[in-house]
file start-v2.csv (CSV, C-alpha atoms)
chain,number,residue,atom,x,y,z
E,1,MET,CA,-126.9,-9.5,91.6
E,2,PRO,CA,-123.4,-8.8,90.1
E,3,GLY,CA,-123.7,-5.7,88.0
E,4,ARG,CA,-126.8,-3.6,87.1
E,5,VAL,CA,-127.6,-2.0,83.8
E,6,LEU,CA,-129.1,1.5,83.8
E,7,GLU,CA,-129.9,3.7,80.8
E,8,HIS,CA,-129.4,7.4,81.7
E,9,GLY,CA,-129.7,6.4,85.4
E,10,VAL,CA,-133.0,4.6,85.1
E,11,GLU,CA,-133.2,0.8,85.2
E,12,ARG,CA,-134.6,-0.4,82.0
E,13,ARG,CA,-135.9,-3.6,80.4
E,14,GLN,CA,-136.8,-3.7,76.7
E,15,GLN,CA,-139.6,-5.8,75.3
E,16,ASP,CA,-139.9,-5.0,71.6
E,17,SER,CA,-137.2,-7.2,70.0
E,18,LYS,CA,-137.6,-5.5,66.6
E,19,ALA,CA,-136.6,-2.1,68.2
E,20,ASN,CA,-133.7,-3.5,70.1
E,21,PRO,CA,-130.2,-2.5,69.2
E,22,VAL,CA,-127.1,-4.3,68.2
E,23,LEU,CA,-125.2,-3.8,71.4
E,24,LEU,CA,-121.4,-3.5,71.2
E,25,ASP,CA,-119.1,-3.6,74.2
E,26,GLY,CA,-117.8,-0.1,74.2
E,27,ARG,CA,-115.7,-0.4,77.4
E,28,PRO,CA,-112.5,-0.5,75.4
E,29,LEU,CA,-113.2,3.1,74.7
E,30,GLN,CA,-112.7,3.9,78.4
E,31,GLY,CA,-109.7,3.8,80.7
E,32,LEU,CA,-106.3,2.4,79.7
E,33,ASP,CA,-107.8,0.3,76.8
E,34,ALA,CA,-108.7,3.5,75.0
E,35,ARG,CA,-105.0,4.0,74.2
E,36,ARG,CA,-104.4,0.5,73.2
E,37,GLY,CA,-105.1,-1.5,70.0
E,38,VAL,CA,-108.5,-2.7,71.2
E,39,GLY,CA,-109.6,0.9,71.7
E,40,THR,CA,-108.4,1.7,68.2
E,41,TYR,CA,-110.4,-1.2,66.9
E,42,VAL,CA,-113.7,-0.2,68.6
E,43,ARG,CA,-113.3,3.5,67.5
E,44,GLY,CA,-112.5,2.4,63.9
E,45,LEU,CA,-115.3,-0.1,63.7
E,46,LEU,CA,-117.9,2.3,65.1
E,47,GLY,CA,-116.9,5.0,62.7
E,48,GLY,CA,-117.1,2.5,59.8
E,49,LEU,CA,-120.6,1.3,60.9
E,50,GLN,CA,-121.9,4.8,61.2
E,51,GLU,CA,-120.4,5.6,57.7
E,52,ILE,CA,-122.4,2.7,56.1
E,53,GLY,CA,-125.6,3.7,57.8
E,54,TRP,CA,-125.8,1.4,60.9
E,55,GLY,CA,-125.6,4.2,63.5
E,56,SER,CA,-129.3,4.2,64.3
E,57,ARG,CA,-129.2,0.4,65.0
E,58,LEU,CA,-126.3,0.5,67.5
E,59,ALA,CA,-125.9,1.0,71.2
E,60,LEU,CA,-122.9,0.7,73.6
E,61,LEU,CA,-122.4,-1.1,76.8
E,62,ILE,CA,-120.1,1.1,78.9
E,63,ASP,CA,-118.6,1.1,82.4
E,64,ALA,CA,-120.6,3.3,84.6
E,65,GLY,CA,-117.6,4.1,86.7
E,66,LEU,CA,-115.5,5.7,83.9
E,67,PRO,CA,-116.1,8.8,81.7
E,68,LEU,CA,-118.6,8.4,79.0
E,69,PRO,CA,-117.1,8.0,75.5
E,70,ASP,CA,-118.2,10.6,73.0
E,71,THR,CA,-119.8,8.6,70.3
E,72,GLY,CA,-123.3,10.0,69.9
E,73,LEU,CA,-124.7,6.5,70.4
E,74,ARG,CA,-127.2,5.3,73.0
E,75,THR,CA,-125.4,3.8,76.0
E,76,PHE,CA,-126.2,1.3,78.7
E,77,PRO,CA,-123.9,1.8,81.7
E,78,LEU,CA,-122.9,-1.4,83.6
E,79,ARG,CA,-122.1,-1.0,87.3
E,80,LYS,CA,-119.5,-3.4,88.5
E,81,ARG,CA,-118.4,-4.4,92.0
E,82,TYR,CA,-114.9,-5.4,91.1
E,83,ARG,CA,-112.3,-3.8,88.8
E,84,GLY,CA,-109.2,-5.9,89.4
E,85,ARG,CA,-107.3,-7.8,86.8
E,86,LEU,CA,-109.5,-10.8,87.3
E,87,SER,CA,-112.7,-8.8,86.7
E,88,ASN,CA,-113.4,-10.9,83.5
E,89,PHE,CA,-114.6,-13.7,85.8
E,90,GLU,CA,-117.3,-11.4,87.2
E,91,ASP,CA,-118.1,-10.3,83.7
E,92,THR,CA,-119.2,-13.8,82.6
E,93,LEU,CA,-122.1,-13.5,85.1
E,94,ALA,CA,-122.6,-9.7,85.1
E,95,LEU,CA,-122.9,-9.6,81.3
E,96,ARG,CA,-125.5,-12.4,81.4
E,97,PHE,CA,-127.7,-10.3,83.7
E,98,ALA,CA,-127.0,-7.2,81.7
E,99,LEU,CA,-128.1,-8.8,78.4
E,100,GLU,CA,-131.2,-10.2,80.0
E,101,GLN,CA,-132.2,-6.7,81.1
E,102,ILE,CA,-131.3,-4.9,77.8
E,103,ARG,CA,-132.5,-7.6,75.4
E,104,PRO,CA,-130.4,-6.5,72.4
E,105,ALA,CA,-131.0,-8.1,69.1
E,106,VAL,CA,-127.3,-9.1,68.9
E,107,TYR,CA,-124.4,-8.6,71.4
E,108,HIS,CA,-120.9,-7.9,70.0
E,109,ALA,CA,-118.1,-8.6,72.4
E,110,THR,CA,-115.3,-6.5,71.1
E,111,SER,CA,-112.6,-8.2,73.3
E,112,LEU,CA,-112.2,-11.6,75.0
E,113,THR,CA,-114.7,-10.6,77.7
E,114,LEU,CA,-117.8,-12.8,77.1
E,115,PRO,CA,-121.1,-13.6,78.9
E,116,GLY,CA,-121.5,-17.0,80.4
E,117,ARG,CA,-125.0,-17.2,78.8
E,118,ALA,CA,-126.9,-14.8,76.6
E,119,PRO,CA,-130.6,-14.4,75.5
E,120,CYS,CA,-129.5,-13.2,72.1
E,121,PRO,CA,-126.9,-14.1,69.4
E,122,VAL,CA,-123.3,-13.3,70.4
E,123,VAL,CA,-120.6,-12.1,68.1
E,124,ALA,CA,-117.0,-12.0,69.4
E,125,THR,CA,-114.0,-10.2,67.9
E,126,LEU,CA,-110.9,-12.3,68.4
E,127,HIS,CA,-107.8,-10.1,68.3
E,128,ASP,CA,-105.5,-12.9,69.4
E,129,LEU,CA,-104.9,-15.8,71.7
E,130,ILE,CA,-101.3,-14.8,72.4
E,131,PRO,CA,-101.2,-15.9,76.0
E,132,TRP,CA,-101.6,-19.5,74.7
E,133,ALA,CA,-100.1,-19.2,71.2
E,134,TYR,CA,-96.9,-17.5,72.3
E,135,GLY,CA,-96.9,-18.9,75.9
E,136,GLY,CA,-94.1,-18.5,78.4
E,137,ARG,CA,-94.1,-17.7,82.1
E,138,ALA,CA,-94.4,-14.0,81.5
E,139,LEU,CA,-98.0,-14.6,80.2
E,140,PHE,CA,-99.2,-16.9,82.9
E,141,GLY,CA,-101.2,-14.1,84.5
E,142,GLU,CA,-102.8,-13.3,81.2
E,143,ARG,CA,-103.8,-16.9,80.7
E,144,ILE,CA,-105.6,-16.9,84.0
E,145,ARG,CA,-107.2,-13.5,83.3
E,146,TYR,CA,-108.6,-14.5,79.9
E,147,TRP,CA,-109.2,-18.2,80.7
E,148,ALA,CA,-113.0,-17.8,80.8
E,149,GLY,CA,-113.1,-15.8,77.6
E,150,LYS,CA,-111.1,-18.5,75.8
E,151,ARG,CA,-113.4,-21.2,77.1
E,152,LEU,CA,-116.5,-19.4,76.1
E,153,LEU,CA,-115.3,-18.4,72.7
E,154,ARG,CA,-116.5,-21.6,71.1
E,155,LYS,CA,-120.0,-21.1,72.4
E,156,THR,CA,-120.5,-17.8,70.5
E,157,ASP,CA,-122.6,-17.6,67.3
E,158,ARG,CA,-119.8,-16.0,65.3
E,159,VAL,CA,-116.1,-15.2,65.9
E,160,LEU,CA,-114.7,-12.3,63.9
E,161,ALA,CA,-110.9,-13.1,63.7
E,162,VAL,CA,-108.8,-10.1,62.7
E,163,SER,CA,-106.4,-12.2,60.7
E,164,GLU,CA,-106.1,-15.7,59.2
E,165,ALA,CA,-103.4,-16.3,61.9
E,166,SER,CA,-105.9,-15.5,64.7
E,167,ALA,CA,-108.6,-17.7,63.0
E,168,ALA,CA,-106.1,-20.6,62.9
E,169,ASP,CA,-105.4,-20.1,66.7
E,170,ALA,CA,-109.2,-20.0,67.3
E,171,ARG,CA,-109.5,-23.4,65.7
E,172,ARG,CA,-106.4,-24.9,67.2
E,173,LEU,CA,-106.4,-23.4,70.7
E,174,ALA,CA,-110.0,-22.6,71.5
E,175,ARG,CA,-111.6,-25.4,69.4
E,176,VAL,CA,-114.0,-23.0,67.7
E,177,ASP,CA,-116.0,-24.5,64.9
E,178,PRO,CA,-114.5,-23.3,61.6
E,179,ALA,CA,-118.0,-22.7,60.2
E,180,ARG,CA,-118.5,-20.0,62.9
E,181,ILE,CA,-115.3,-18.1,62.1
E,182,GLU,CA,-115.2,-15.0,59.8
E,183,VAL,CA,-111.9,-13.3,59.0
E,184,VAL,CA,-112.5,-9.6,59.2
E,185,PRO,CA,-109.2,-7.6,59.1
E,186,GLU,CA,-108.8,-4.3,60.9
E,187,GLY,CA,-108.5,-1.0,59.1
E,188,VAL,CA,-106.3,2.0,59.3
E,189,GLY,CA,-107.8,5.4,60.1
E,190,ALA,CA,-107.9,8.2,57.5
E,191,ALA,CA,-105.6,10.3,59.7
E,192,PHE,CA,-102.8,7.9,58.8
E,193,ARG,CA,-101.6,9.3,55.5
E,194,VAL,CA,-98.6,11.0,53.9
E,195,ALA,CA,-98.5,14.3,55.9
E,196,GLN,CA,-96.9,17.3,54.3
E,197,GLY,CA,-94.5,19.1,56.6
E,198,ALA,CA,-94.0,16.1,58.9
E,199,GLU,CA,-90.2,16.4,58.9
E,200,ALA,CA,-90.3,20.1,59.9
E,201,ARG,CA,-92.8,19.5,62.7
E,202,VAL,CA,-90.7,16.6,64.1
E,203,ARG,CA,-87.6,18.8,64.1
E,204,ALA,CA,-89.4,21.5,65.9
E,205,ARG,CA,-91.2,19.3,68.4
E,206,HIS,CA,-88.6,16.7,69.2
E,207,GLY,CA,-85.3,18.1,67.9
E,208,LEU,CA,-85.0,14.9,65.7
E,209,GLU,CA,-83.5,14.9,62.2
E,210,PRO,CA,-85.5,12.9,59.7
E,211,GLY,CA,-84.3,9.4,58.9
E,212,TYR,CA,-84.3,7.8,62.3
E,213,LEU,CA,-85.3,4.2,63.1
E,214,LEU,CA,-88.7,4.1,64.7
E,215,TYR,CA,-90.4,1.7,67.0
E,216,VAL,CA,-94.1,2.2,68.0
E,217,GLY,CA,-95.9,0.4,70.8
E,218,ALA,CA,-95.3,-1.1,74.2
E,219,LEU,CA,-92.0,-2.8,75.1
E,220,ASP,CA,-93.5,-6.0,76.3
E,221,ALA,CA,-91.3,-9.1,76.3
E,222,ARG,CA,-93.3,-10.4,73.3
E,223,LYS,CA,-92.2,-7.3,71.4
E,224,ASP,CA,-88.5,-8.4,71.8
E,225,PRO,CA,-87.0,-5.1,73.1
E,226,GLN,CA,-83.5,-6.7,73.3
E,227,GLY,CA,-83.9,-7.8,69.7
E,228,LEU,CA,-84.8,-4.2,68.8
E,229,LEU,CA,-81.6,-2.9,70.3
E,230,ALA,CA,-79.6,-5.7,68.5
E,231,ALA,CA,-81.3,-4.7,65.2
E,232,TRP,CA,-80.3,-1.0,65.9
E,233,ARG,CA,-76.7,-2.1,66.4
E,234,ALA,CA,-76.7,-4.2,63.3
E,235,ALA,CA,-78.1,-1.2,61.3
E,236,GLU,CA,-75.3,1.0,62.7
E,237,ALA,CA,-72.7,-1.6,61.7
E,238,ALA,CA,-74.1,-1.6,58.2
E,239,GLY,CA,-73.6,2.1,57.9
E,240,VAL,CA,-76.7,3.8,59.3
E,241,ALA,CA,-75.9,6.6,61.7
E,242,ALA,CA,-79.3,7.4,63.1
E,243,PRO,CA,-81.0,7.3,66.5
E,244,LEU,CA,-83.6,4.7,67.5
E,245,VAL,CA,-86.8,6.5,68.5
E,246,LEU,CA,-89.4,4.8,70.8
E,247,ALA,CA,-93.0,6.1,70.6
E,248,GLY,CA,-95.8,4.9,72.8
E,249,ASP,CA,-96.5,3.9,76.4
E,250,PRO,CA,-93.6,1.4,77.2
E,251,GLY,CA,-95.8,-0.7,79.4
E,252,ALA,CA,-95.1,-2.6,82.6
E,253,GLN,CA,-92.8,-5.2,81.0
E,254,ALA,CA,-90.5,-2.7,79.5
E,255,PRO,CA,-86.8,-3.2,80.4
E,256,GLY,CA,-85.2,-0.6,82.5
E,257,ASP,CA,-82.3,0.0,80.1
E,258,MET,CA,-82.9,0.7,76.4
E,259,GLY,CA,-79.5,2.2,75.9
E,260,ALA,CA,-79.3,5.6,74.1
E,261,ALA,CA,-82.6,5.2,72.4
E,262,VAL,CA,-84.8,8.3,72.4
E,263,ARG,CA,-87.9,7.6,74.5
E,264,LEU,CA,-90.9,9.9,73.6
E,265,GLY,CA,-93.5,8.0,75.6
E,266,ARG,CA,-97.2,8.3,74.7
E,267,VAL,CA,-97.9,10.5,71.7
E,268,GLY,CA,-101.1,11.8,70.1
E,269,GLU,CA,-102.4,10.6,66.8
E,270,ALA,CA,-101.3,13.6,64.7
E,271,GLU,CA,-97.9,13.5,66.4
E,272,LEU,CA,-97.6,9.8,65.6
E,273,VAL,CA,-98.5,10.4,61.9
E,274,ASP,CA,-95.6,12.9,61.7
E,275,LEU,CA,-93.2,10.5,63.4
E,276,TYR,CA,-94.0,7.8,60.8
E,277,GLY,CA,-93.7,10.4,58.0
E,278,ALA,CA,-90.2,11.6,59.1
E,279,ALA,CA,-88.8,8.1,60.0
E,280,GLY,CA,-86.3,6.3,57.8
E,281,CYS,CA,-87.8,3.0,58.7
E,282,LEU,CA,-90.2,1.3,61.2
E,283,VAL,CA,-88.4,-1.6,62.9
E,284,PHE,CA,-91.0,-4.0,64.3
E,285,PRO,CA,-89.4,-7.0,66.1
E,286,SER,CA,-92.7,-8.4,67.5
E,287,ARG,CA,-92.5,-12.2,68.0
E,288,TYR,CA,-96.3,-12.6,67.8
E,289,GLU,CA,-99.2,-10.4,66.6
E,290,GLY,CA,-102.9,-11.0,66.2
E,291,PHE,CA,-102.9,-8.3,63.5
E,292,GLY,CA,-100.0,-5.8,63.7
E,293,LEU,CA,-101.5,-2.3,63.4
E,294,PRO,CA,-98.3,-0.3,63.7
E,295,LEU,CA,-97.0,-2.0,60.5
E,296,LEU,CA,-100.1,-1.0,58.6
E,297,GLU,CA,-100.1,2.6,60.0
E,298,ALA,CA,-96.5,3.0,59.0
E,299,MET,CA,-97.2,1.9,55.4
E,300,ALA,CA,-100.2,4.2,55.2
E,301,CYS,CA,-97.9,7.1,56.1
E,302,GLY,CA,-95.3,6.2,53.6
E,303,CYS,CA,-92.8,4.8,56.1
E,304,PRO,CA,-90.9,1.7,54.9
E,305,ALA,CA,-91.1,-1.2,57.5
E,306,VAL,CA,-89.1,-4.2,58.5
E,307,ALA,CA,-90.5,-7.0,60.7
E,308,TYR,CA,-90.1,-10.7,61.6
E,309,ALA,CA,-92.0,-13.2,59.4
E,310,ASN,CA,-94.4,-14.7,62.0
E,311,SER,CA,-98.0,-14.9,63.0
E,312,SER,CA,-100.2,-12.4,61.1
E,313,LEU,CA,-97.4,-10.1,59.9
E,314,PRO,CA,-96.8,-11.8,56.4
E,315,GLU,CA,-100.6,-11.6,55.6
E,316,VAL,CA,-100.9,-7.9,56.7
E,317,ALA,CA,-97.6,-6.8,55.1
E,318,GLY,CA,-97.7,-8.9,51.9
E,319,GLU,CA,-94.8,-7.9,49.7
E,320,ALA,CA,-94.9,-4.3,51.0
E,321,ALA,CA,-92.6,-4.7,54.1
E,322,GLU,CA,-89.2,-6.4,54.4
E,323,LEU,CA,-89.7,-9.6,56.4
E,324,VAL,CA,-86.8,-11.6,57.9
E,325,ALA,CA,-86.6,-14.9,59.7
E,326,ASP,CA,-88.4,-14.9,63.0
E,327,GLY,CA,-86.1,-13.8,65.8
E,328,ASP,CA,-83.1,-12.9,63.6
E,329,SER,CA,-82.5,-9.4,65.0
E,330,GLU,CA,-79.3,-8.9,63.1
E,331,ALA,CA,-81.1,-9.6,59.8
E,332,LEU,CA,-83.8,-7.2,60.9
E,333,GLY,CA,-81.2,-4.5,61.3
E,334,ARG,CA,-79.5,-5.2,58.0
E,335,ALA,CA,-82.8,-5.1,56.2
E,336,ALA,CA,-83.5,-1.7,57.8
E,337,ALA,CA,-80.1,-0.4,56.7
E,338,ALA,CA,-80.6,-1.7,53.2
E,339,LEU,CA,-83.8,0.3,52.9
E,340,MET,CA,-82.3,3.5,54.4
E,341,LEU,CA,-79.1,3.5,52.4
E,342,ASP,CA,-80.6,2.8,49.0
E,343,PRO,CA,-83.0,5.6,47.9
E,344,ARG,CA,-84.5,3.6,45.1
E,345,ARG,CA,-85.2,0.6,47.3
E,346,ARG,CA,-86.7,2.8,49.9
E,347,GLN,CA,-88.9,4.6,47.4
E,348,ALA,CA,-90.1,1.2,46.0
E,349,ALA,CA,-90.9,0.0,49.5
E,350,ARG,CA,-92.7,3.2,50.2
E,351,ARG,CA,-94.9,2.9,47.1
E,352,ARG,CA,-95.7,-0.8,47.8
E,353,GLY,CA,-96.7,0.1,51.4
E,354,LEU,CA,-99.0,2.9,50.3
E,355,GLU,CA,-100.7,0.5,47.8
E,356,ARG,CA,-101.0,-2.2,50.4
E,357,ALA,CA,-102.5,0.1,53.1
E,358,ARG,CA,-105.3,1.2,50.8
E,359,ARG,CA,-106.8,-2.3,51.1
E,360,TYR,CA,-107.4,-1.9,54.8
E,361,THR,CA,-110.2,0.6,55.7
E,362,TRP,CA,-112.6,0.7,58.6
E,363,LYS,CA,-115.4,1.0,56.1
E,364,ARG,CA,-114.5,-2.5,54.8
E,365,THR,CA,-114.2,-3.8,58.3
E,366,ALA,CA,-117.6,-2.4,59.1
E,367,GLU,CA,-119.2,-3.8,55.9
E,368,ALA,CA,-118.0,-7.3,56.7
E,369,THR,CA,-119.1,-7.0,60.3
E,370,ALA,CA,-122.5,-5.7,59.3
E,371,ARG,CA,-123.0,-8.7,57.0
E,372,VAL,CA,-122.6,-10.9,60.0
E,373,TYR,CA,-125.1,-8.9,62.0
E,374,ALA,CA,-127.6,-9.0,59.2
E,375,GLU,CA,-127.2,-12.8,59.0
E,376,LEU,CA,-127.9,-13.2,62.7
E,377,LEU,CA,-130.8,-10.7,62.5
E,378,HIS,CA,-132.2,-12.4,59.4
E,379,ASP,CA,-132.3,-9.1,57.6
call {"tool": "encode", "arguments": {"input": "start-v2.csv", "output": "structure tokens"}}
result
Amino acid sequence: MPGRVLEHGVERRQQDSKANPVLLDGRPLQGLDARRGVGTYVRGLLGGLQEIGWGSRLALLIDAGLPLPDTGLRTFPLRKRYRGRLSNFEDTLALRFALEQIRPAVYHATSLTLPGRAPCPVVATLHDLIPWAYGGRALFGERIRYWAGKRLLRKTDRVLAVSEASAADARRLARVDPARIEVVPEGVGAAFRVAQGAEARVRARHGLEPGYLLYVGALDARKDPQGLLAAWRAAEAAGVAAPLVLAGDPGAQAPGDMGAAVRLGRVGEAELVDLYGAAGCLVFPSRYEGFGLPLLEAMACGCPAVAYANSSLPEVAGEAAELVADGDSEALGRAAAALMLDPRRRQAARRRGLERARRYTWKRTAEATARVYAELLHD
């Protein structure tokens, strides 16, 4: 049998459906995913659900082969035989057997890893369908990897799309019934705020003078790293004499040469908050996003932002960020320069960003998610 579920090392089968938990896939809290956007989503959602009083009704499905996440929640470890990039195909069967053993009241797939069949209602969070929406040869492997999840998406009871753009992709690309889709935006953690002393700490830690251009995230082809360099050059030509700072794990697709940009690599949350706070502007040249969390984090920290007008970014940013035509890297650089060289314009953008970011909290995400749970539970 592919995969076995054990609770604290003892194989278990529940019978009382009223006592059964809402089971969330907590595996994005483990391994490499814990440092990515999906890990941020699961941490934020769990924190919000606990804040609104759902903690006692939740449990986590976790990977028995990885360290246990510290959530305080009841856990059901899943033992798998295969851990390669195509492990999602095993999951379609392994999750079915796991759910038959656990018998949760509701199962919440927090990524595009879905059971082939389930004995309970299934909720799936859809972050994006970028391998199909953005396409290209570079994402062929991802299309294979997540093919089963995309196919199974339309069979779920509810799809929680993190943006209107992702909801549209669910309808268009995965043929999900619109009646089953709920748009539930992500939130921004309370740690992302205007931090006093950020400039001094960035000077001491990295030797950087405040007012640099900042990019946060992987340097995948979809993030347009060459466009990022072109935007930096355009900002310099417009009169900005400041370095480009790259924060985050660059990822496997990162180009080998990013010029004279300052590479900081992976940074902790508190360090990232300081980097946002001391930056002159976040430059976000992504060509496609399911949500666009760095944009929201920057605004919450009082950092003005510029980005391309595509996918979910206009709905997340609203009027708070400067958006330019998709793919126009020179316009992106000029927009960054305009913000950095005009104090009044920069201050207005900062104020709009702070106001915009207040709309997005994990408590609100959790409240909307809990309403879906309650509907399926007939509470």
call {"tool": "atom_distance", "arguments": {"input": "start-v2.csv", "atom1": "CA of Val42 in chain E", "atom2": "CA of Asp274 in chain E"}}
result
23.4 Å
call {"tool": "residues_around", "arguments": {"input": "start-v2.csv", "residues": "Ala200 in chain E", "least_positions_apart": "4", "cutoff": "9 Å", "atoms": "all atoms listed in the file", "output": "PyMOL selection string"}}
result
chain E and resi 204-205+209-210+278
call {"tool": "atom_distance", "arguments": {"input": "start-v2.csv", "atom1": "CA of Gly248 in chain E", "atom2": "CA of Ala279 in chain E"}}
result
14.9 Å
call {"tool": "residues_around", "arguments": {"input": "start-v2.csv", "residues": "Arg143 in chain E", "least_positions_apart": "4", "cutoff": "10 Å", "atoms": "all atoms listed in the file", "output": "PyMOL selection string"}}
result
chain E and resi 129-132+135+137-139+147-150
call {"tool": "atom_distance", "arguments": {"input": "start-v2.csv", "atom1": "CA of Tyr276 in chain E", "atom2": "CA of Ala331 in chain E"}}
result
21.7 Å
call {"tool": "residues_near_point", "arguments": {"input": "start-v2.csv", "point": "(-91.4, 2.3, 75.1)", "cutoff": "10 Å", "atoms": "all atoms listed in the file", "output": "list in words"}}
result
Tyr215, Val216, Gly217, Ala218, Leu219, Asp220, Pro225, Val245, Leu246, Ala247, Gly248, Asp249, Pro250, Gly251, Ala252, Gln253, Ala254, Pro255, Met258, Ala261, Val262, Arg263, Leu264, Gly265 and Arg266 of chain E
call {"tool": "closest_residue", "arguments": {"input": "start-v2.csv", "among": "E:Arg27, E:Arg345, E:Arg35, E:Gln50", "to": "Pro67 in chain E", "atoms": "all atoms listed in the file"}}
result
E:Arg27
call {"tool": "residues_around", "arguments": {"input": "start-v2.csv", "residues": "Leu49 in chain E", "least_positions_apart": "3", "cutoff": "9 Å", "atoms": "only C-alpha atoms", "output": "compact mmCIF listing (two decimals) with C-alpha atoms, keeping the file's coordinate frame"}}
result
# COMPACT_ATOMS: atom_id res chain seq x y z
CA GLY E 44 -112.50 2.40 63.90
CA LEU E 45 -115.30 -0.10 63.70
CA LEU E 46 -117.90 2.30 65.10
CA ILE E 52 -122.40 2.70 56.10
CA GLY E 53 -125.60 3.70 57.80
CA TRP E 54 -125.80 1.40 60.90
CA GLY E 55 -125.60 4.20 63.50
CA LEU E 58 -126.30 0.50 67.50
CA TRP E 362 -112.60 0.70 58.60
CA LYS E 363 -115.40 1.00 56.10
CA THR E 365 -114.20 -3.80 58.30
CA ALA E 366 -117.60 -2.40 59.10
CA GLU E 367 -119.20 -3.80 55.90
CA THR E 369 -119.10 -7.00 60.30
CA ALA E 370 -122.50 -5.70 59.30
call {"tool": "closest_residue", "arguments": {"input": "start-v2.csv", "among": "E:Ser286, E:Asn20, E:Ser163, E:Gln101", "to": "Leu78 in chain E", "atoms": "all atoms listed in the file"}}
result
E:Gln101
call {"tool": "closest_residue", "arguments": {"input": "start-v2.csv", "among": "E:Pro21, E:Ala230, E:Ser87, E:Leu66", "to": "Ala34 in chain E", "atoms": "all atoms listed in the file"}}
result
E:Leu66
call {"tool": "residues_around", "arguments": {"input": "start-v2.csv", "residues": "Pro119 in chain E", "least_positions_apart": "6", "cutoff": "12 Å", "atoms": "only C-alpha atoms", "output": "MDAnalysis selection string"}}
result
chainID E and resid 17 95:107 156:157
call {"tool": "residues_around", "arguments": {"input": "start-v2.csv", "residues": "Ser329 in chain E", "least_positions_apart": "3", "cutoff": "7 Å", "atoms": "all atoms listed in the file", "output": "PyMOL selection string"}}
result
chain E and resi 227-228+230-231+332-333
call {"tool": "closest_residue", "arguments": {"input": "start-v2.csv", "among": "E:Val267, E:Ala307, E:Val202, E:Ala167", "to": "Asp224 in chain E", "atoms": "only C-alpha atoms"}}
result
E:Ala307
call {"tool": "closest_residue", "arguments": {"input": "start-v2.csv", "among": "E:Val316, E:Ala338, E:Ala179, E:Ala325", "to": "Val240 in chain E", "atoms": "only C-alpha atoms"}}
result
E:Ala338
call {"tool": "residues_near_point", "arguments": {"input": "start-v2.csv", "point": "(-75.6, 2.6, 60.8)", "cutoff": "10 Å", "atoms": "all atoms listed in the file", "output": "list in words"}}
result
Trp232, Arg233, Ala234, Ala235, Glu236, Ala237, Ala238, Gly239, Val240, Ala241, Ala242, Pro243, Gly333, Arg334, Ala336, Ala337, Met340 and Leu341 of chain E
call {"tool": "closest_residue", "arguments": {"input": "start-v2.csv", "among": "E:Gly141, E:Ile181, E:Gly136, E:Leu153", "to": "Gly116 in chain E", "atoms": "only C-alpha atoms"}}
result
E:Leu153
call {"tool": "decode", "arguments": {"input": "start-v2.csv", "residues": "range 282-293 of chain E", "atoms": "N, CA and C atoms", "output": "JSON list (two decimals), in the first residue's frame"}}
result
[["chain", "number", "residue", "atom", "x", "y", "z"],
["E", 282, "LEU", "N", 11.35, 48.78, -3.93],
["E", 282, "LEU", "CA", 11.32, 47.39, -4.35],
["E", 282, "LEU", "C", 11.07, 47.36, -5.85],
["E", 283, "VAL", "N", 11.92, 46.66, -6.58],
["E", 283, "VAL", "CA", 11.74, 46.49, -8.02],
["E", 283, "VAL", "C", 11.32, 45.04, -8.24],
["E", 284, "PHE", "N", 10.10, 44.86, -8.78],
["E", 284, "PHE", "CA", 9.52, 43.52, -8.88],
["E", 284, "PHE", "C", 9.12, 43.24, -10.32],
["E", 285, "PRO", "N", 10.06, 42.68, -11.12],
["E", 285, "PRO", "CA", 9.81, 42.50, -12.56],
["E", 285, "PRO", "C", 9.18, 41.17, -12.94],
["E", 286, "SER", "N", 8.44, 40.55, -12.01],
["E", 286, "SER", "CA", 7.86, 39.24, -12.30],
["E", 286, "SER", "C", 6.88, 39.34, -13.47],
["E", 287, "ARG", "N", 6.93, 38.33, -14.35],
["E", 287, "ARG", "CA", 6.05, 38.31, -15.51],
["E", 287, "ARG", "C", 4.72, 37.60, -15.22],
["E", 288, "TYR", "N", 4.63, 36.90, -14.09],
["E", 288, "TYR", "CA", 3.37, 36.25, -13.74],
["E", 288, "TYR", "C", 3.40, 35.85, -12.28],
["E", 289, "GLU", "N", 2.34, 36.18, -11.55],
["E", 289, "GLU", "CA", 2.22, 35.86, -10.13],
["E", 289, "GLU", "C", 0.81, 35.36, -9.83],
["E", 290, "GLY", "N", 0.74, 34.38, -8.93],
["E", 290, "GLY", "CA", -0.56, 33.98, -8.43],
["E", 290, "GLY", "C", -1.08, 34.97, -7.41],
["E", 291, "PHE", "N", -0.15, 35.56, -6.65],
["E", 291, "PHE", "CA", -0.52, 36.60, -5.67],
["E", 291, "PHE", "C", 0.52, 37.72, -5.70],
["E", 292, "GLY", "N", 1.75, 37.44, -5.29],
["E", 292, "GLY", "CA", 2.79, 38.48, -5.29],
["E", 292, "GLY", "C", 3.09, 38.98, -3.90],
["E", 293, "LEU", "N", 3.45, 38.06, -2.99],
["E", 293, "LEU", "CA", 3.65, 38.39, -1.58],
["E", 293, "LEU", "C", 4.75, 39.42, -1.34]]
